[in-house]
>>> print(open('coords10.cif').read())   # mmCIF, C-alpha atoms
data_final
loop_
_atom_site.group_PDB
_atom_site.id
_atom_site.type_symbol
_atom_site.label_atom_id
_atom_site.label_comp_id
_atom_site.auth_asym_id
_atom_site.auth_seq_id
_atom_site.Cartn_x
_atom_site.Cartn_y
_atom_site.Cartn_z
ATOM 1 C CA MET A 1285 8.174 -34.528 -71.546
ATOM 2 C CA THR A 1286 7.349 -38.161 -71.905
ATOM 3 C CA ASP A 1287 9.978 -40.782 -72.572
ATOM 4 C CA LEU A 1288 9.130 -42.066 -76.036
ATOM 5 C CA MET A 1289 11.573 -44.903 -76.435
ATOM 6 C CA THR A 1290 8.994 -47.565 -75.663
ATOM 7 C CA ARG A 1291 6.552 -46.124 -78.165
ATOM 8 C CA PRO A 1292 6.201 -48.388 -81.196
ATOM 9 C CA SER A 1293 6.424 -46.640 -84.552
ATOM 10 C CA ARG A 1294 3.569 -47.315 -86.941
ATOM 11 C CA ASN A 1295 3.718 -47.357 -90.721
ATOM 12 C CA ASP A 1296 0.085 -46.471 -91.247
ATOM 13 C CA ASP A 1297 0.503 -43.783 -93.901
ATOM 14 C CA GLN A 1298 -0.747 -44.719 -97.331
ATOM 15 C CA GLY A 1299 0.887 -43.696 -100.573
ATOM 16 C CA PRO A 1300 -1.055 -42.767 -103.722
ATOM 17 C CA ASP A 1301 -1.000 -46.397 -104.873
ATOM 18 C CA GLY A 1302 -2.680 -47.553 -101.667
ATOM 19 C CA HIS A 1303 0.459 -49.210 -100.329
ATOM 20 C CA GLY A 1304 2.089 -48.217 -97.070
ATOM 21 C CA ARG A 1305 4.959 -45.778 -97.236
ATOM 22 C CA HIS A 1306 7.780 -45.474 -94.741
ATOM 23 C CA ARG A 1307 7.455 -42.883 -92.018
ATOM 24 C CA VAL A 1308 10.494 -42.083 -89.953
ATOM 25 C CA THR A 1309 9.956 -41.221 -86.296
ATOM 26 C CA TYR A 1310 12.448 -39.846 -83.800
ATOM 27 C CA ASP A 1311 12.548 -41.416 -80.361
ATOM 28 C CA LEU A 1312 14.306 -40.531 -77.134
ATOM 29 C CA LEU A 1313 16.800 -42.943 -75.687
ATOM 30 C CA SER A 1314 15.932 -43.888 -72.128
ATOM 31 C CA THR A 1315 14.160 -47.166 -71.473
ATOM 32 C CA HIS A 1316 11.345 -48.096 -69.114
ATOM 33 C CA ILE A 1317 11.559 -50.939 -66.603
ATOM 34 C CA PRO A 1318 8.423 -52.437 -65.057
ATOM 35 C CA PRO A 1319 8.484 -52.767 -61.253
ATOM 36 C CA GLY A 1320 9.035 -56.133 -59.636
ATOM 37 C CA PRO A 1321 11.022 -59.167 -60.783
ATOM 38 C CA ILE A 1322 11.641 -59.557 -64.506
ATOM 39 C CA ARG A 1323 11.148 -63.027 -65.970
ATOM 40 C CA ALA A 1324 11.846 -64.321 -69.436
ATOM 41 C CA PRO A 1325 8.644 -64.900 -71.396
ATOM 42 C CA ARG A 1326 7.497 -68.439 -71.996
ATOM 43 C CA ASP A 1327 7.176 -67.777 -75.705
ATOM 44 C CA PRO A 1328 9.105 -70.663 -77.348
ATOM 45 C CA ARG A 1329 10.399 -68.232 -79.952
ATOM 46 C CA TRP A 1330 12.394 -66.346 -77.296
ATOM 47 C CA ARG A 1331 15.703 -67.951 -78.192
ATOM 48 C CA ARG A 1332 15.283 -67.004 -81.813
ATOM 49 C CA ARG A 1333 14.218 -63.511 -80.822
ATOM 50 C CA VAL A 1334 17.335 -62.968 -78.736
ATOM 51 C CA ALA A 1335 19.472 -64.137 -81.638
ATOM 52 C CA GLY A 1336 17.466 -62.004 -84.024
ATOM 53 C CA GLY A 1337 18.774 -58.707 -82.687
ATOM 54 C CA ALA A 1338 17.939 -55.611 -80.719
ATOM 55 C CA ALA A 1339 14.990 -54.493 -82.819
ATOM 56 C CA VAL A 1340 12.870 -57.352 -81.498
ATOM 57 C CA LEU A 1341 13.921 -56.529 -77.946
ATOM 58 C CA VAL A 1342 12.739 -52.997 -78.546
ATOM 59 C CA LEU A 1343 9.327 -54.346 -79.549
ATOM 60 C CA ILE A 1344 9.298 -56.337 -76.311
ATOM 61 C CA ALA A 1345 10.059 -53.118 -74.471
ATOM 62 C CA GLY A 1346 7.156 -51.518 -76.303
ATOM 63 C CA GLY A 1347 4.884 -54.075 -74.687
ATOM 64 C CA GLY A 1348 5.876 -52.925 -71.206
ATOM 65 C CA ALA A 1349 8.981 -54.997 -70.455
ATOM 66 C CA THR A 1350 12.583 -54.020 -71.012
ATOM 67 C CA GLY A 1351 14.232 -56.294 -73.520
ATOM 68 C CA ALA A 1352 17.694 -55.778 -72.104
ATOM 69 C CA LEU A 1353 16.708 -56.856 -68.618
ATOM 70 C CA LEU A 1354 14.849 -59.822 -70.032
ATOM 71 C CA THR A 1355 18.073 -60.737 -71.740
ATOM 72 C CA GLU A 1356 19.965 -60.424 -68.459
ATOM 73 C CA GLU A 1357 17.420 -62.719 -66.816
ATOM 74 C CA TYR A 1358 17.766 -65.188 -69.644
ATOM 75 C CA LEU A 1359 21.561 -65.124 -69.401
ATOM 76 C CA GLY A 1360 21.661 -65.646 -65.657
ATOM 77 C CA SER A 1361 20.236 -62.601 -63.855
ATOM 78 C CA ARG A 1362 23.569 -60.830 -63.489
ATOM 79 C CA PRO A 1363 24.032 -57.166 -64.488
ATOM 80 C CA VAL A 1364 26.566 -56.701 -67.250
ATOM 81 C CA GLN A 1365 29.479 -54.565 -66.086
ATOM 82 C CA ALA A 1366 32.263 -52.928 -68.034
ATOM 83 C CA GLY A 1367 34.938 -55.454 -68.899
ATOM 84 C CA ALA A 1368 32.621 -58.447 -68.416
ATOM 85 C CA VAL A 1369 31.593 -60.793 -71.188
ATOM 86 C CA ALA A 1370 29.369 -58.891 -73.624
ATOM 87 C CA GLY A 1371 30.105 -55.708 -71.684
ATOM 88 C CA THR A 1372 32.418 -53.472 -73.694
ATOM 89 C CA THR A 1373 31.855 -53.855 -77.405
ATOM 90 C CA ILE A 1374 34.092 -52.168 -79.963
ATOM 91 C CA THR A 1375 32.870 -52.370 -83.508
ATOM 92 C CA GLU A 1376 35.823 -51.293 -85.621
ATOM 93 C CA THR A 1377 39.491 -51.419 -84.656
ATOM 94 C CA ALA A 1378 41.550 -52.310 -81.611
ATOM 95 C CA ASP A 1379 43.165 -48.861 -81.900
ATOM 96 C CA LEU A 1380 40.052 -47.539 -80.188
ATOM 97 C CA ALA A 1381 40.692 -49.557 -77.028
ATOM 98 C CA PRO A 1382 42.876 -46.891 -75.341
ATOM 99 C CA ILE A 1383 40.105 -44.333 -75.876
ATOM 100 C CA VAL A 1384 37.586 -46.661 -74.253
ATOM 101 C CA ALA A 1385 39.875 -47.201 -71.265
ATOM 102 C CA LYS A 1386 40.288 -43.446 -70.877
ATOM 103 C CA VAL A 1387 36.607 -42.509 -71.133
ATOM 104 C CA GLN A 1388 34.785 -45.450 -69.535
ATOM 105 C CA PRO A 1389 35.393 -44.409 -65.882
ATOM 106 C CA GLY A 1390 33.535 -41.169 -66.619
ATOM 107 C CA ILE A 1391 30.353 -42.921 -67.761
ATOM 108 C CA VAL A 1392 27.540 -43.949 -65.412
ATOM 109 C CA THR A 1393 24.173 -45.632 -65.628
ATOM 110 C CA VAL A 1394 21.309 -43.523 -64.278
ATOM 111 C CA LEU A 1395 18.325 -45.337 -62.752
ATOM 112 C CA VAL A 1396 14.993 -43.971 -61.563
ATOM 113 C CA ASP A 1397 12.906 -46.423 -59.534
ATOM 114 C CA GLY A 1398 9.250 -45.421 -59.324
ATOM 115 C CA SER A 1399 6.264 -47.091 -57.718
ATOM 116 C CA ARG A 1400 4.604 -47.727 -61.072
ATOM 117 C CA LEU A 1401 7.370 -47.373 -63.631
ATOM 118 C CA SER A 1402 11.144 -47.093 -63.599
ATOM 119 C CA SER A 1403 13.590 -45.876 -66.203
ATOM 120 C CA LEU A 1404 17.219 -46.374 -67.137
ATOM 121 C CA GLY A 1405 19.617 -44.142 -69.036
ATOM 122 C CA SER A 1406 23.232 -43.051 -69.015
ATOM 123 C CA GLY A 1407 25.203 -40.054 -67.814
ATOM 124 C CA VAL A 1408 28.658 -38.476 -67.758
ATOM 125 C CA ILE A 1409 30.614 -37.451 -64.671
ATOM 126 C CA LEU A 1410 31.340 -33.729 -64.389
ATOM 127 C CA THR A 1411 33.078 -33.530 -60.993
ATOM 128 C CA GLY A 1412 34.999 -35.830 -58.699
ATOM 129 C CA ASP A 1413 32.275 -35.701 -56.056
ATOM 130 C CA GLY A 1414 29.581 -37.069 -58.364
ATOM 131 C CA LEU A 1415 27.887 -34.254 -60.283
ATOM 132 C CA ILE A 1416 26.512 -35.967 -63.374
ATOM 133 C CA LEU A 1417 25.027 -34.734 -66.645
ATOM 134 C CA THR A 1418 22.235 -36.721 -68.259
ATOM 135 C CA ASN A 1419 19.112 -36.111 -70.345
ATOM 136 C CA ASP A 1420 16.098 -34.516 -68.723
ATOM 137 C CA HIS A 1421 13.826 -37.240 -70.100
ATOM 138 C CA VAL A 1422 15.864 -39.879 -68.260
ATOM 139 C CA VAL A 1423 15.015 -38.393 -64.853
ATOM 140 C CA GLU A 1424 11.688 -36.672 -65.462
ATOM 141 C CA ALA A 1425 9.595 -39.438 -63.874
ATOM 142 C CA ASP A 1426 8.951 -39.440 -60.131
ATOM 143 C CA GLY A 1427 11.036 -41.994 -58.280
ATOM 144 C CA THR A 1428 14.211 -42.738 -56.384
ATOM 145 C CA VAL A 1429 17.314 -41.827 -58.373
ATOM 146 C CA SER A 1430 20.589 -43.734 -58.249
ATOM 147 C CA VAL A 1431 23.694 -44.010 -60.377
ATOM 148 C CA ARG A 1432 25.898 -46.996 -61.083
ATOM 149 C CA LEU A 1433 29.569 -46.426 -61.827
ATOM 150 C CA SER A 1434 31.503 -48.270 -64.508
ATOM 151 C CA GLY A 1435 33.076 -50.444 -61.817
ATOM 152 C CA GLY A 1436 29.695 -51.585 -60.523
ATOM 153 C CA GLN A 1437 29.297 -49.408 -57.401
ATOM 154 C CA THR A 1438 25.812 -47.937 -56.967
ATOM 155 C CA ALA A 1439 25.166 -44.680 -55.122
ATOM 156 C CA PRO A 1440 21.991 -42.751 -54.252
ATOM 157 C CA ALA A 1441 21.472 -39.521 -56.144
ATOM 158 C CA ARG A 1442 19.063 -36.652 -56.633
ATOM 159 C CA VAL A 1443 18.114 -34.380 -59.517
ATOM 160 C CA VAL A 1444 19.414 -30.880 -58.746
ATOM 161 C CA ALA A 1445 18.671 -28.916 -61.951
ATOM 162 C CA THR A 1446 16.940 -29.466 -65.285
ATOM 163 C CA ASP A 1447 16.620 -27.783 -68.672
ATOM 164 C CA ALA A 1448 13.699 -29.319 -70.546
ATOM 165 C CA THR A 1449 14.269 -27.119 -73.598
ATOM 166 C CA HIS A 1450 17.648 -28.691 -74.291
ATOM 167 C CA ASP A 1451 16.733 -32.026 -72.653
ATOM 168 C CA LEU A 1452 19.567 -31.885 -70.126
ATOM 169 C CA ALA A 1453 19.680 -32.368 -66.360
ATOM 170 C CA LEU A 1454 22.182 -32.406 -63.506
ATOM 171 C CA VAL A 1455 22.159 -35.245 -60.992
ATOM 172 C CA GLN A 1456 24.202 -35.192 -57.783
ATOM 173 C CA ALA A 1457 25.325 -38.551 -56.426
ATOM 174 C CA THR A 1458 26.041 -38.796 -52.706
ATOM 175 C CA GLY A 1459 28.844 -40.452 -50.776
ATOM 176 C CA LEU A 1460 31.296 -40.464 -53.682
ATOM 177 C CA SER A 1461 34.716 -38.889 -54.179
ATOM 178 C CA GLY A 1462 37.712 -39.221 -56.447
ATOM 179 C CA LEU A 1463 35.643 -39.892 -59.574
ATOM 180 C CA THR A 1464 37.033 -39.331 -63.068
ATOM 181 C CA PRO A 1465 35.257 -36.503 -64.913
ATOM 182 C CA VAL A 1466 34.922 -36.543 -68.682
ATOM 183 C CA THR A 1467 36.563 -33.859 -70.832
ATOM 184 C CA PHE A 1468 34.417 -31.907 -73.267
ATOM 185 C CA ALA A 1469 35.656 -30.902 -76.697
ATOM 186 C CA ALA A 1470 35.578 -27.260 -77.742
ATOM 187 C CA ALA A 1471 32.498 -26.059 -79.583
ATOM 188 C CA ASP A 1472 32.600 -26.647 -83.351
ATOM 189 C CA SER A 1473 35.569 -29.004 -83.046
ATOM 190 C CA VAL A 1474 33.817 -31.868 -84.837
ATOM 191 C CA ALA A 1475 33.503 -32.354 -88.585
ATOM 192 C CA VAL A 1476 31.486 -34.665 -90.797
ATOM 193 C CA GLY A 1477 33.447 -37.880 -91.252
ATOM 194 C CA ASP A 1478 35.160 -37.795 -87.845
ATOM 195 C CA THR A 1479 35.304 -41.136 -86.035
ATOM 196 C CA VAL A 1480 33.252 -41.173 -82.839
ATOM 197 C CA LEU A 1481 32.418 -43.667 -80.082
ATOM 198 C CA ALA A 1482 29.110 -43.862 -78.230
ATOM 199 C CA PHE A 1483 29.136 -44.897 -74.559
ATOM 200 C CA GLY A 1484 26.170 -45.993 -72.469
ATOM 201 C CA ALA A 1485 23.827 -48.810 -71.497
ATOM 202 C CA PRO A 1486 21.792 -49.660 -74.612
ATOM 203 C CA LEU A 1487 18.948 -52.027 -73.709
ATOM 204 C CA GLY A 1488 20.369 -52.066 -70.183
ATOM 205 C CA LEU A 1489 23.714 -53.549 -71.251
ATOM 206 C CA GLU A 1490 26.033 -51.383 -69.203
ATOM 207 C CA GLY A 1491 29.585 -50.661 -70.300
ATOM 208 C CA THR A 1492 28.751 -50.882 -73.996
ATOM 209 C CA VAL A 1493 30.756 -48.939 -76.569
ATOM 210 C CA THR A 1494 29.976 -48.650 -80.276
ATOM 211 C CA SER A 1495 31.743 -46.687 -82.994
ATOM 212 C CA GLY A 1496 30.921 -44.886 -86.202
ATOM 213 C CA ILE A 1497 31.330 -41.454 -87.749
ATOM 214 C CA VAL A 1498 29.715 -38.056 -87.533
ATOM 215 C CA SER A 1499 27.408 -38.222 -90.520
ATOM 216 C CA ALA A 1500 25.888 -34.729 -90.414
ATOM 217 C CA LEU A 1501 25.791 -31.530 -88.387
ATOM 218 C CA ASN A 1502 23.059 -29.158 -87.236
ATOM 219 C CA ARG A 1503 20.177 -31.611 -87.479
ATOM 220 C CA GLY A 1504 16.742 -30.956 -86.021
ATOM 221 C CA VAL A 1505 14.381 -33.699 -84.832
ATOM 222 C CA ASN A 1506 10.832 -33.742 -83.529
ATOM 223 C CA THR A 1507 10.257 -36.542 -81.019
ATOM 224 C CA GLY A 1508 6.577 -35.786 -80.668
ATOM 225 C CA ASP A 1509 6.735 -34.019 -77.326
ATOM 226 C CA GLU A 1510 9.657 -31.747 -78.087
ATOM 227 C CA LYS A 1511 11.783 -30.335 -80.872
ATOM 228 C CA LEU A 1512 15.559 -30.452 -80.629
ATOM 229 C CA THR A 1513 17.796 -28.519 -83.002
ATOM 230 C CA GLY A 1514 21.485 -28.150 -83.780
ATOM 231 C CA LEU A 1515 22.175 -31.847 -83.149
ATOM 232 C CA LEU A 1516 25.053 -34.006 -84.320
ATOM 233 C CA GLN A 1517 24.018 -36.974 -86.456
ATOM 234 C CA THR A 1518 25.988 -40.220 -86.163
ATOM 235 C CA ASP A 1519 25.825 -43.756 -87.475
ATOM 236 C CA ALA A 1520 27.361 -45.175 -84.281
ATOM 237 C CA PRO A 1521 24.681 -47.654 -83.116
ATOM 238 C CA ILE A 1522 22.734 -46.340 -80.116
ATOM 239 C CA ASN A 1523 19.490 -47.572 -78.597
ATOM 240 C CA GLN A 1524 17.313 -47.162 -75.489
ATOM 241 C CA GLY A 1525 19.548 -46.757 -72.470
ATOM 242 C CA ASN A 1526 22.101 -44.640 -74.362
ATOM 243 C CA SER A 1527 20.309 -41.417 -73.377
ATOM 244 C CA GLY A 1528 22.694 -39.098 -71.560
ATOM 245 C CA GLY A 1529 25.747 -41.122 -72.515
ATOM 246 C CA ALA A 1530 28.785 -39.680 -74.241
ATOM 247 C CA LEU A 1531 29.643 -39.416 -77.903
ATOM 248 C CA VAL A 1532 33.431 -38.942 -77.964
ATOM 249 C CA ASP A 1533 36.145 -38.258 -80.522
ATOM 250 C CA THR A 1534 39.404 -40.132 -81.014
ATOM 251 C CA SER A 1535 41.081 -37.963 -78.375
ATOM 252 C CA GLY A 1536 38.562 -39.159 -75.786
ATOM 253 C CA ARG A 1537 36.811 -35.790 -75.588
ATOM 254 C CA VAL A 1538 33.026 -35.621 -75.361
ATOM 255 C CA VAL A 1539 31.664 -34.065 -78.547
ATOM 256 C CA GLY A 1540 28.019 -34.791 -77.782
ATOM 257 C CA ILE A 1541 25.433 -36.206 -75.380
ATOM 258 C CA ASN A 1542 23.360 -38.960 -76.997
ATOM 259 C CA VAL A 1543 19.666 -38.114 -77.002
ATOM 260 C CA ALA A 1544 17.606 -39.685 -79.819
ATOM 261 C CA ILE A 1545 17.469 -42.097 -82.733
ATOM 262 C CA ALA A 1546 15.427 -42.319 -85.898
ATOM 263 C CA THR A 1547 13.304 -45.440 -86.343
ATOM 264 C CA ALA A 1548 11.403 -46.661 -89.375
ATOM 265 C CA ASP A 1549 8.307 -48.873 -89.593
ATOM 266 C CA ASP A 1550 7.833 -51.014 -86.466
ATOM 267 C CA SER A 1551 11.470 -51.943 -85.887
ATOM 268 C CA GLY A 1552 11.908 -49.486 -82.997
ATOM 269 C CA GLY A 1553 15.678 -49.990 -83.038
ATOM 270 C CA SER A 1554 18.692 -48.201 -84.439
ATOM 271 C CA VAL A 1555 18.698 -47.773 -88.203
ATOM 272 C CA GLY A 1556 22.032 -45.959 -88.254
ATOM 273 C CA LEU A 1557 20.648 -42.499 -87.527
ATOM 274 C CA GLY A 1558 21.478 -41.348 -84.030
ATOM 275 C CA PHE A 1559 21.545 -37.819 -82.653
ATOM 276 C CA ALA A 1560 23.540 -36.096 -79.929
ATOM 277 C CA ILE A 1561 23.444 -32.684 -78.255
ATOM 278 C CA PRO A 1562 26.705 -30.940 -79.241
ATOM 279 C CA ALA A 1563 29.364 -30.372 -76.608
ATOM 280 C CA GLY A 1564 29.129 -26.597 -77.005
ATOM 281 C CA THR A 1565 25.423 -26.632 -76.194
ATOM 282 C CA ALA A 1566 25.901 -29.086 -73.326
ATOM 283 C CA THR A 1567 28.666 -27.101 -71.635
ATOM 284 C CA THR A 1568 26.728 -23.838 -71.959
ATOM 285 C CA VAL A 1569 23.654 -25.410 -70.375
ATOM 286 C CA VAL A 1570 25.761 -26.985 -67.618
ATOM 287 C CA GLU A 1571 27.205 -23.593 -66.734
ATOM 288 C CA GLN A 1572 23.718 -22.105 -66.578
ATOM 289 C CA LEU A 1573 22.361 -24.950 -64.454
ATOM 290 C CA ARG A 1574 25.292 -24.892 -62.043
ATOM 291 C CA ALA A 1575 24.788 -21.169 -61.550
ATOM 292 C CA ARG A 1576 21.362 -21.977 -60.100
ATOM 293 C CA LEU A 1577 22.683 -24.401 -57.496
#
>>> encode(input="coords10.cif", output="structure tokens")
Amino acid sequence: MTDLMTRPSRNDDQGPDGHGRHRVTYDLLSTHIPPGPIRAPRDPRWRRRVAGGAAVLVLIAGGGATGALLTEEYLGSRPVQAGAVAGTTITETADLAPIVAKVQPGIVTVLVDGSRLSSLGSGVILTGDGLILTNDHVVEADGTVSVRLSGGQTAPARVVATDATHDLALVQATGLSGLTPVTFAAADSVAVGDTVLAFGAPLGLEGTVTSGIVSALNRGVNTGDEKLTGLLQTDAPINQGNSGGALVDTSGRVVGINVAIATADDSGGSVGLGFAIPAGTATTVVEQLRARL
């Protein structure tokens, strides 16, 4: 399956009056990184583009460069870590801060460095010795896998099992111990209207948290290369880099694994329709994958 997050959406359908009509596409959530040093473009409109929002950065990513890493270069070439300026972002109420503190240690950034193309996504820690769950499309490309913990430590890793049908994969980090695993909610424990938080590294900005609600259940999406069904729908803002990250409830339990967003026209960014693999599906697949190890 091909990572589709850098694919621009095109509004080339024509309505009966000859005018374009909106076509919604569903894109996966990992992001591609070109090899070699990343430099900010010389386009004089760059400052305005950064201020203009993530959708423009997604279009930059569509041209073969990752907007988030361009932003990091522009801001001083330092990775954004949890707790740093512009790191952890909470969009609603300070009452969510204890949940963030509880869950954040269980979230990692997953990186795949290839000779021609690299990718970045997120993952959740399953065991203290570094077994991590992420999306299959995050790690499907050939390359050297590593994970970066919420505190900034990076460790080598390898893909140990995959399930392309459900877009899930297990990654085993090496040389780690004493990690904090996430806790999964019971199947069918989430309801429409529940407050949820999305954790991950959207546009490469690690340690980011956004909040919203569960806006629908049992959704199906077609990303072009695969069809996913039974998904949770949320309006918590998620973008490229959120793939494999956690969607959690107000008890800090993982209710879903972020996997895709809907995009309209050429924006390429979040329009308030995100999708996550439910916890019940994720835990069932994890059990099956671990049985193969």
>>> axis_aligned_box(input="coords10.cif", around="stretch 1507-1516 of chain A", padding_each_side="3 Å", output="AutoDock Vina command-line options")
--center_x 15.8 --center_y -32.3 --center_z -80.8 --size_x 24.5 --size_y 14.4 --size_z 13.0
>>> closest_residue(input="coords10.cif", among="A:Val1387, A:Leu1433, A:Ala1520, A:Ile1541", to="A:Gly1556", atoms="all atoms listed in the file")
A:Ala1520
>>> closest_residue(input="coords10.cif", among="A:Val1384, A:Leu1410, A:Ile1391, A:Ala1457", to="A:Gly1436", atoms="all atoms listed in the file")
A:Ile1391
>>> resolve_selection(input="coords10.cif", expression="the PyMOL selection byres ((chain A and resi 1558) around 6)", output="list in words")
Gln1517, Thr1518, Ala1544, Ile1545, Leu1557 and Phe1559 of chain A
>>> closest_residue(input="coords10.cif", among="A:Val1474, A:Ala1439, A:Ala1566, A:Ala1482", to="A:Gly1496", atoms="all atoms listed in the file")
A:Ala1482
>>> residues_around(input="coords10.cif", residues="A:Arg1503", least_positions_apart="3", cutoff="9 Å", atoms="all atoms listed in the file", output="list in words")
Ala1500, Leu1512, Thr1513, Gly1514, Leu1515, Leu1516, Gln1517 and Phe1559 of chain A
>>> residues_near_point(input="coords10.cif", point="(11.7, -44.8, -58.6)", cutoff="10 Å", atoms="all atoms listed in the file", output="PDB file with C-alpha atoms, in the frame of the given file")
ATOM      1  CA  PRO A1319       8.484 -52.767 -61.253  1.00  0.00           C
ATOM      2  CA  LEU A1395      18.325 -45.337 -62.752  1.00  0.00           C
ATOM      3  CA  VAL A1396      14.993 -43.971 -61.563  1.00  0.00           C
ATOM      4  CA  ASP A1397      12.906 -46.423 -59.534  1.00  0.00           C
ATOM      5  CA  GLY A1398       9.250 -45.421 -59.324  1.00  0.00           C
ATOM      6  CA  SER A1399       6.264 -47.091 -57.718  1.00  0.00           C
ATOM      7  CA  ARG A1400       4.604 -47.727 -61.072  1.00  0.00           C
ATOM      8  CA  LEU A1401       7.370 -47.373 -63.631  1.00  0.00           C
ATOM      9  CA  SER A1402      11.144 -47.093 -63.599  1.00  0.00           C
ATOM     10  CA  SER A1403      13.590 -45.876 -66.203  1.00  0.00           C
ATOM     11  CA  VAL A1423      15.015 -38.393 -64.853  1.00  0.00           C
ATOM     12  CA  ALA A1425       9.595 -39.438 -63.874  1.00  0.00           C
ATOM     13  CA  ASP A1426       8.951 -39.440 -60.131  1.00  0.00           C
ATOM     14  CA  GLY A1427      11.036 -41.994 -58.280  1.00  0.00           C
ATOM     15  CA  THR A1428      14.211 -42.738 -56.384  1.00  0.00           C
ATOM     16  CA  VAL A1429      17.314 -41.827 -58.373  1.00  0.00           C
ATOM     17  CA  SER A1430      20.589 -43.734 -58.249  1.00  0.00           C
TER      18      SER A1430
END
>>> residues_around(input="coords10.cif", residues="A:Val1539", least_positions_apart="5", cutoff="8 Å", atoms="all atoms listed in the file", output="PyMOL selection string")
chain A and resi 1468-1470+1473-1474+1530-1533+1562-1563
>>> resolve_selection(input="coords10.cif", expression="the PyMOL selection byres ((chain A and resi 1467) around 8)", output="ChimeraX atom specification")
/A:1465-1466,1468-1469,1536-1538
>>> write_last_selection(input="coords10.cif", atoms="C-alpha atoms", output="compact mmCIF listing (two decimals), in the coordinates of the input")
# COMPACT_ATOMS: atom_id res chain seq x y z
CA PRO A 1465 35.26 -36.50 -64.91
CA VAL A 1466 34.92 -36.54 -68.68
CA PHE A 1468 34.42 -31.91 -73.27
CA ALA A 1469 35.66 -30.90 -76.70
CA GLY A 1536 38.56 -39.16 -75.79
CA ARG A 1537 36.81 -35.79 -75.59
CA VAL A 1538 33.03 -35.62 -75.36
>>> atom_distance(input="coords10.cif", atom1="atom CA of A:Glu1424", atom2="atom CA of A:Leu1489")
21.5 Å
>>> closest_residue(input="coords10.cif", among="A:Val1431, A:Val1498, A:Ala1560, A:Ala1548", to="A:Thr1479", atoms="all atoms listed in the file")
A:Val1498
>>> closest_residue(input="coords10.cif", among="A:Thr1547, A:Thr1458, A:Val1493, A:Ala1381", to="A:Thr1507", atoms="all atoms listed in the file")
A:Thr1547
>>> atom_distance(input="coords10.cif", atom1="atom CA of A:Gly1412", atom2="atom CA of A:Asn1542")
21.9 Å
>>> closest_residue(input="coords10.cif", among="A:Ile1522, A:Ala1445, A:Leu1417, A:Val1555", to="A:Pro1486", atoms="only C-alpha atoms")
A:Ile1522
>>> residues_near_point(input="coords10.cif", point="(33.6, -44.2, -66.0)", cutoff="9 Å", atoms="all atoms listed in the file", output="list in words")
Ala1385, Lys1386, Val1387, Gln1388, Pro1389, Gly1390, Ile1391, Val1392, Val1408, Ile1409, Leu1433, Ser1434, Gly1435, Leu1463, Thr1464, Pro1465, Val1466 and Gly1491 of chain A
